[in-house]
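For reference, the structure is listed below as structure tokens.
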Amino acid sequence: MEWIERLRRYAREEMMSPEERIERAGRLAETKVNRVLEEMEREGQIKDYTHSPKWSEKDRRGIDFTIYPREGSCIYIQVKSNIFPISTAKQLRLRKIRPGIWQRGKIYSIAAGNHESEEQVKNTILKILEIEKNQKQSKRKGYKQNKRMSV
């Protein structure tokens with residue numbers, strides 16, 4: 001019976017247009033990130049998070065999730081759903097932070113498609129939290145050094 005269900009699912013996917021497949025992949029990737037963020041909130045690794053509604057102002061700016069860490073300001077995440085999440089042309093406008101993490105301004109782009117497990121997505125988000133924490137600490141150190149020099 002399981003093979004019949006798999007065959008039905010395959011037939012439904014074959015009848016989808018390319019746009020519908022992309023939309024479905026995006027929804028699945030965002031659902032995966034949502035589950036990971038719920039888990040991180042339960043474990044106390046983040047204070048809170050919000051998911052941007054479809055066609056909202058944040059969604060049009062490319063922000064899928066806003067994460068509120070325990071310390072510091074909010075972090076914006078854009079979720080990509082395929083193995084090659086960012087085109088070559090777009091990569092030229094983005095800064096690659098680490099494998100699987102790109103940044104444009106204050107928005108981090110992460111891959112969360114079929115090829116990434118929830119554990120990999122969680123590790124990627126933890127790396128982003130670490131990057132933000134280190135940036136805040138280095139800014140504070142720079143401020144203290146500049147303050148000492150001006151006295």
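Residues are named by chain letter and number: chains run A, B, ... in the order of the structure tokens, numbers start at 1 in each chain, and ligands are numbered from 1 in the order shown.
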Contact residues around stretch 56-68 of chain A with only C-alpha atoms at 8 Å, ignoring same-chain residues under 3 positions, as a PDB file with N, CA and C atoms, in the first residue's frame:
ATOM      1  N   GLU A  30      10.601  26.609   4.512  1.00  0.00           N
ATOM      2  CA  GLU A  30      10.214  27.510   5.593  1.00  0.00           C
ATOM      3  C   GLU A  30       9.597  26.740   6.763  1.00  0.00           C
ATOM      4  N   ILE A  46      17.157  30.850  21.846  1.00  0.00           N
ATOM      5  CA  ILE A  46      16.721  32.159  21.364  1.00  0.00           C
ATOM      6  C   ILE A  46      15.559  32.621  22.238  1.00  0.00           C
ATOM      7  N   LYS A  47      15.338  33.930  22.257  1.00  0.00           N
ATOM      8  CA  LYS A  47      14.247  34.474  23.064  1.00  0.00           C
ATOM      9  C   LYS A  47      12.907  34.283  22.354  1.00  0.00           C
ATOM     10  N   ASP A  48      12.868  34.608  21.051  1.00  0.00           N
ATOM     11  CA  ASP A  48      11.627  34.548  20.286  1.00  0.00           C
ATOM     12  C   ASP A  48      11.963  34.611  18.802  1.00  0.00           C
ATOM     13  N   TYR A  49      10.964  34.402  17.967  1.00  0.00           N
ATOM     14  CA  TYR A  49      11.118  34.555  16.523  1.00  0.00           C
ATOM     15  C   TYR A  49       9.756  34.842  15.914  1.00  0.00           C
ATOM     16  N   THR A  50       9.743  35.448  14.739  1.00  0.00           N
ATOM     17  CA  THR A  50       8.498  35.662  14.001  1.00  0.00           C
ATOM     18  C   THR A  50       8.701  35.225  12.557  1.00  0.00           C
ATOM     19  N   HIS A  51       7.623  34.763  11.942  1.00  0.00           N
ATOM     20  CA  HIS A  51       7.625  34.375  10.533  1.00  0.00           C
ATOM     21  C   HIS A  51       6.891  35.464   9.767  1.00  0.00           C
ATOM     22  N   SER A  52       7.487  35.975   8.703  1.00  0.00           N
ATOM     23  CA  SER A  52       6.870  37.056   7.924  1.00  0.00           C
ATOM     24  C   SER A  52       5.747  36.496   7.065  1.00  0.00           C
ATOM     25  N   PRO A  53       4.539  37.081   7.150  1.00  0.00           N
ATOM     26  CA  PRO A  53       3.437  36.614   6.310  1.00  0.00           C
ATOM     27  C   PRO A  53       3.723  36.846   4.827  1.00  0.00           C
ATOM     28  N   GLY A  72      21.346  41.179  22.323  1.00  0.00           N
ATOM     29  CA  GLY A  72      21.560  41.859  21.052  1.00  0.00           C
ATOM     30  C   GLY A  72      20.271  42.127  20.309  1.00  0.00           C
ATOM     31  N   SER A  73      20.428  42.656  19.099  1.00  0.00           N
ATOM     32  CA  SER A  73      19.264  43.035  18.302  1.00  0.00           C
ATOM     33  C   SER A  73      18.809  41.876  17.423  1.00  0.00           C
ATOM     34  N   CYS A  74      17.696  42.089  16.742  1.00  0.00           N
ATOM     35  CA  CYS A  74      17.095  41.021  15.939  1.00  0.00           C
ATOM     36  C   CYS A  74      17.963  40.671  14.725  1.00  0.00           C
ATOM     37  N   ILE A  75      17.756  39.435  14.251  1.00  0.00           N
ATOM     38  CA  ILE A  75      18.503  38.897  13.111  1.00  0.00           C
ATOM     39  C   ILE A  75      17.491  38.507  12.043  1.00  0.00           C
ATOM     40  N   TYR A  76      17.742  38.932  10.796  1.00  0.00           N
ATOM     41  CA  TYR A  76      16.835  38.633   9.695  1.00  0.00           C
ATOM     42  C   TYR A  76      17.370  37.455   8.885  1.00  0.00           C
ATOM     43  N   ILE A  77      16.462  36.524   8.555  1.00  0.00           N
ATOM     44  CA  ILE A  77      16.830  35.320   7.819  1.00  0.00           C
ATOM     45  C   ILE A  77      15.981  35.206   6.554  1.00  0.00           C
ATOM     46  N   GLN A  78      16.635  34.907   5.445  1.00  0.00           N
ATOM     47  CA  GLN A  78      15.948  34.550   4.205  1.00  0.00           C
ATOM     48  C   GLN A  78      16.229  33.079   3.954  1.00  0.00           C
ATOM     49  N   VAL A  79      15.188  32.298   3.690  1.00  0.00           N
ATOM     50  CA  VAL A  79      15.318  30.857   3.505  1.00  0.00           C
ATOM     51  C   VAL A  79      15.336  30.541   2.018  1.00  0.00           C
ATOM     52  N   ILE A 107      20.569  41.025   6.204  1.00  0.00           N
ATOM     53  CA  ILE A 107      19.774  39.813   5.975  1.00  0.00           C
ATOM     54  C   ILE A 107      20.707  38.647   5.649  1.00  0.00           C
TER      55      ILE A 107
END
Give the helix (DSSP H, G or I) residues of stretch 4-144 of chain A, as DSSP finds them on the backbone, and put them as a PDB file with C-alpha atoms, in the first residue's frame.
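Output file states_39.pdb follows:
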ATOM      1  CA  ILE A   4       0.645   3.114  -4.135  1.00  0.00           C
ATOM      2  CA  GLU A   5       0.766   6.271  -2.029  1.00  0.00           C
ATOM      3  CA  ARG A   6       4.280   7.048  -3.341  1.00  0.00           C
ATOM      4  CA  LEU A   7       3.044   6.571  -6.906  1.00  0.00           C
ATOM      5  CA  ARG A   8       0.106   8.936  -6.293  1.00  0.00           C
ATOM      6  CA  ARG A   9       2.394  11.559  -4.771  1.00  0.00           C
ATOM      7  CA  TYR A  10       4.785  11.269  -7.747  1.00  0.00           C
ATOM      8  CA  ALA A  11       1.862  11.674 -10.185  1.00  0.00           C
ATOM      9  CA  ARG A  12       0.666  14.819  -8.355  1.00  0.00           C
ATOM     10  CA  GLU A  13       4.172  16.311  -8.481  1.00  0.00           C
ATOM     11  CA  GLU A  14       4.513  15.537 -12.182  1.00  0.00           C
ATOM     12  CA  PRO A  18       7.463  24.659 -12.394  1.00  0.00           C
ATOM     13  CA  GLU A  19       6.129  27.660 -10.449  1.00  0.00           C
ATOM     14  CA  GLU A  20       4.028  25.374  -8.237  1.00  0.00           C
ATOM     15  CA  ARG A  21       7.043  23.142  -7.573  1.00  0.00           C
ATOM     16  CA  ILE A  22       9.171  26.149  -6.582  1.00  0.00           C
ATOM     17  CA  GLU A  23       6.364  27.456  -4.329  1.00  0.00           C
ATOM     18  CA  ARG A  24       5.962  24.018  -2.701  1.00  0.00           C
ATOM     19  CA  ALA A  25       9.722  23.679  -2.142  1.00  0.00           C
ATOM     20  CA  GLY A  26       9.793  27.139  -0.543  1.00  0.00           C
ATOM     21  CA  ARG A  27       6.919  26.288   1.801  1.00  0.00           C
ATOM     22  CA  LEU A  28       8.601  23.029   2.842  1.00  0.00           C
ATOM     23  CA  ALA A  29      11.916  24.810   3.514  1.00  0.00           C
ATOM     24  CA  GLU A  30      10.214  27.510   5.593  1.00  0.00           C
ATOM     25  CA  THR A  31       8.308  24.831   7.525  1.00  0.00           C
ATOM     26  CA  LYS A  32      11.616  23.116   8.306  1.00  0.00           C
ATOM     27  CA  VAL A  33      13.159  26.366   9.589  1.00  0.00           C
ATOM     28  CA  ASN A  34       9.999  27.087  11.605  1.00  0.00           C
ATOM     29  CA  ARG A  35      10.295  23.685  13.365  1.00  0.00           C
ATOM     30  CA  VAL A  36      13.966  24.327  14.118  1.00  0.00           C
ATOM     31  CA  LEU A  37      13.251  27.788  15.552  1.00  0.00           C
ATOM     32  CA  GLU A  38      10.413  26.392  17.719  1.00  0.00           C
ATOM     33  CA  GLU A  39      12.838  23.825  19.113  1.00  0.00           C
ATOM     34  CA  MET A  40      15.518  26.474  19.722  1.00  0.00           C
ATOM     35  CA  GLU A  41      12.996  28.668  21.541  1.00  0.00           C
ATOM     36  CA  ARG A  42      11.898  25.737  23.754  1.00  0.00           C
ATOM     37  CA  GLU A  57       6.587  44.336   3.701  1.00  0.00           C
ATOM     38  CA  LYS A  58       9.276  42.150   5.271  1.00  0.00           C
ATOM     39  CA  ASP A  59       8.547  39.310   2.832  1.00  0.00           C
ATOM     40  CA  ARG A  60       8.938  41.677  -0.135  1.00  0.00           C
ATOM     41  CA  THR A  88      25.902  33.408  -9.643  1.00  0.00           C
ATOM     42  CA  ALA A  89      24.739  36.947 -10.453  1.00  0.00           C
ATOM     43  CA  LYS A  90      23.165  37.323  -7.020  1.00  0.00           C
ATOM     44  CA  GLN A  91      26.261  35.882  -5.330  1.00  0.00           C
ATOM     45  CA  LEU A  92      28.216  38.854  -6.658  1.00  0.00           C
ATOM     46  CA  ARG A  93      25.922  41.167  -4.649  1.00  0.00           C
ATOM     47  CA  GLU A 118      16.932  19.953  10.475  1.00  0.00           C
ATOM     48  CA  GLU A 119      20.152  19.444  12.433  1.00  0.00           C
ATOM     49  CA  GLN A 120      22.174  21.143   9.664  1.00  0.00           C
ATOM     50  CA  VAL A 121      19.719  24.052   9.569  1.00  0.00           C
ATOM     51  CA  LYS A 122      19.945  24.391  13.358  1.00  0.00           C
ATOM     52  CA  ASN A 123      23.758  24.424  13.210  1.00  0.00           C
ATOM     53  CA  THR A 124      23.645  27.102  10.507  1.00  0.00           C
ATOM     54  CA  ILE A 125      21.367  29.298  12.641  1.00  0.00           C
ATOM     55  CA  LEU A 126      23.627  28.758  15.672  1.00  0.00           C
ATOM     56  CA  LYS A 127      26.608  29.890  13.562  1.00  0.00           C
ATOM     57  CA  ILE A 128      24.708  33.051  12.604  1.00  0.00           C
ATOM     58  CA  LEU A 129      23.932  33.733  16.276  1.00  0.00           C
ATOM     59  CA  GLU A 130      27.640  33.269  17.053  1.00  0.00           C
ATOM     60  CA  ILE A 131      28.670  35.619  14.218  1.00  0.00           C
ATOM     61  CA  GLU A 132      26.272  38.313  15.479  1.00  0.00           C
ATOM     62  CA  LYS A 133      27.455  37.901  19.072  1.00  0.00           C
ATOM     63  CA  ASN A 134      31.122  38.222  18.007  1.00  0.00           C
ATOM     64  CA  GLN A 135      30.353  41.317  15.923  1.00  0.00           C
ATOM     65  CA  LYS A 136      28.617  42.970  18.898  1.00  0.00           C
ATOM     66  CA  GLN A 137      31.586  42.167  21.178  1.00  0.00           C
ATOM     67  CA  SER A 138      34.137  43.504  18.682  1.00  0.00           C
ATOM     68  CA  LYS A 139      32.138  46.740  18.280  1.00  0.00           C
ATOM     69  CA  ARG A 140      32.053  47.176  22.061  1.00  0.00           C
ATOM     70  CA  LYS A 141      35.814  46.604  22.314  1.00  0.00           C
ATOM     71  CA  GLY A 142      36.404  49.158  19.565  1.00  0.00           C
ATOM     72  CA  TYR A 143      34.176  51.660  21.357  1.00  0.00           C
ATOM     73  CA  LYS A 144      36.036  51.192  24.646  1.00  0.00           C
TER      74      LYS A 144
END
Calculated over only C-alpha atoms, which of the candidates A:Met16, A:Lys54, A:Gln45, A:Ser81 has the smallest distance to A:Ala111?
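The shortest atom-to-atom distance to A:Ala111 comes from A:Ser81.
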Name the residues of stretch 18-135 of chain A that come out as strand (DSSP E or B) in a backbone DSSP run; write them as number ranges by chain.
A: 46-51, 65-69, 75-80, 95-98, 101-104, 107-111
I need the residues from that last selection saved to file as a PDB file, in the first residue's frame (with C-alpha atoms), if you can.
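This is the output file selection.pdb:
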ATOM      1  CA  ILE A  46      16.721  32.159  21.364  1.00  0.00           C
ATOM      2  CA  LYS A  47      14.247  34.474  23.064  1.00  0.00           C
ATOM      3  CA  ASP A  48      11.627  34.548  20.286  1.00  0.00           C
ATOM      4  CA  TYR A  49      11.118  34.555  16.523  1.00  0.00           C
ATOM      5  CA  THR A  50       8.498  35.662  14.001  1.00  0.00           C
ATOM      6  CA  HIS A  51       7.625  34.375  10.533  1.00  0.00           C
ATOM      7  CA  PHE A  65      12.087  35.042   9.682  1.00  0.00           C
ATOM      8  CA  THR A  66      13.099  37.533  12.360  1.00  0.00           C
ATOM      9  CA  ILE A  67      15.028  35.952  15.224  1.00  0.00           C
ATOM     10  CA  TYR A  68      15.281  37.638  18.603  1.00  0.00           C
ATOM     11  CA  PRO A  69      18.392  36.259  20.349  1.00  0.00           C
ATOM     12  CA  ILE A  75      18.503  38.897  13.111  1.00  0.00           C
ATOM     13  CA  TYR A  76      16.835  38.633   9.695  1.00  0.00           C
ATOM     14  CA  ILE A  77      16.830  35.320   7.819  1.00  0.00           C
ATOM     15  CA  GLN A  78      15.948  34.550   4.205  1.00  0.00           C
ATOM     16  CA  VAL A  79      15.318  30.857   3.505  1.00  0.00           C
ATOM     17  CA  LYS A  80      16.440  29.303   0.217  1.00  0.00           C
ATOM     18  CA  ARG A  95      28.896  38.347   0.896  1.00  0.00           C
ATOM     19  CA  LYS A  96      29.629  34.714   1.678  1.00  0.00           C
ATOM     20  CA  ILE A  97      30.169  34.405   5.433  1.00  0.00           C
ATOM     21  CA  ARG A  98      30.652  30.638   5.765  1.00  0.00           C
ATOM     22  CA  ILE A 101      25.557  31.330   4.789  1.00  0.00           C
ATOM     23  CA  TRP A 102      25.407  34.495   2.659  1.00  0.00           C
ATOM     24  CA  GLN A 103      24.662  38.047   3.732  1.00  0.00           C
ATOM     25  CA  ARG A 104      23.156  41.088   2.029  1.00  0.00           C
ATOM     26  CA  ILE A 107      19.774  39.813   5.975  1.00  0.00           C
ATOM     27  CA  TYR A 108      21.345  36.348   6.179  1.00  0.00           C
ATOM     28  CA  SER A 109      20.425  33.818   3.469  1.00  0.00           C
ATOM     29  CA  ILE A 110      20.503  30.125   4.395  1.00  0.00           C
ATOM     30  CA  ALA A 111      19.733  26.941   2.463  1.00  0.00           C
TER      31      ALA A 111
END
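Atom pair atom CA of A:Asn82 / atom CA of A:Glu116 has a distance of 9.2 Å (rounded to one decimal).
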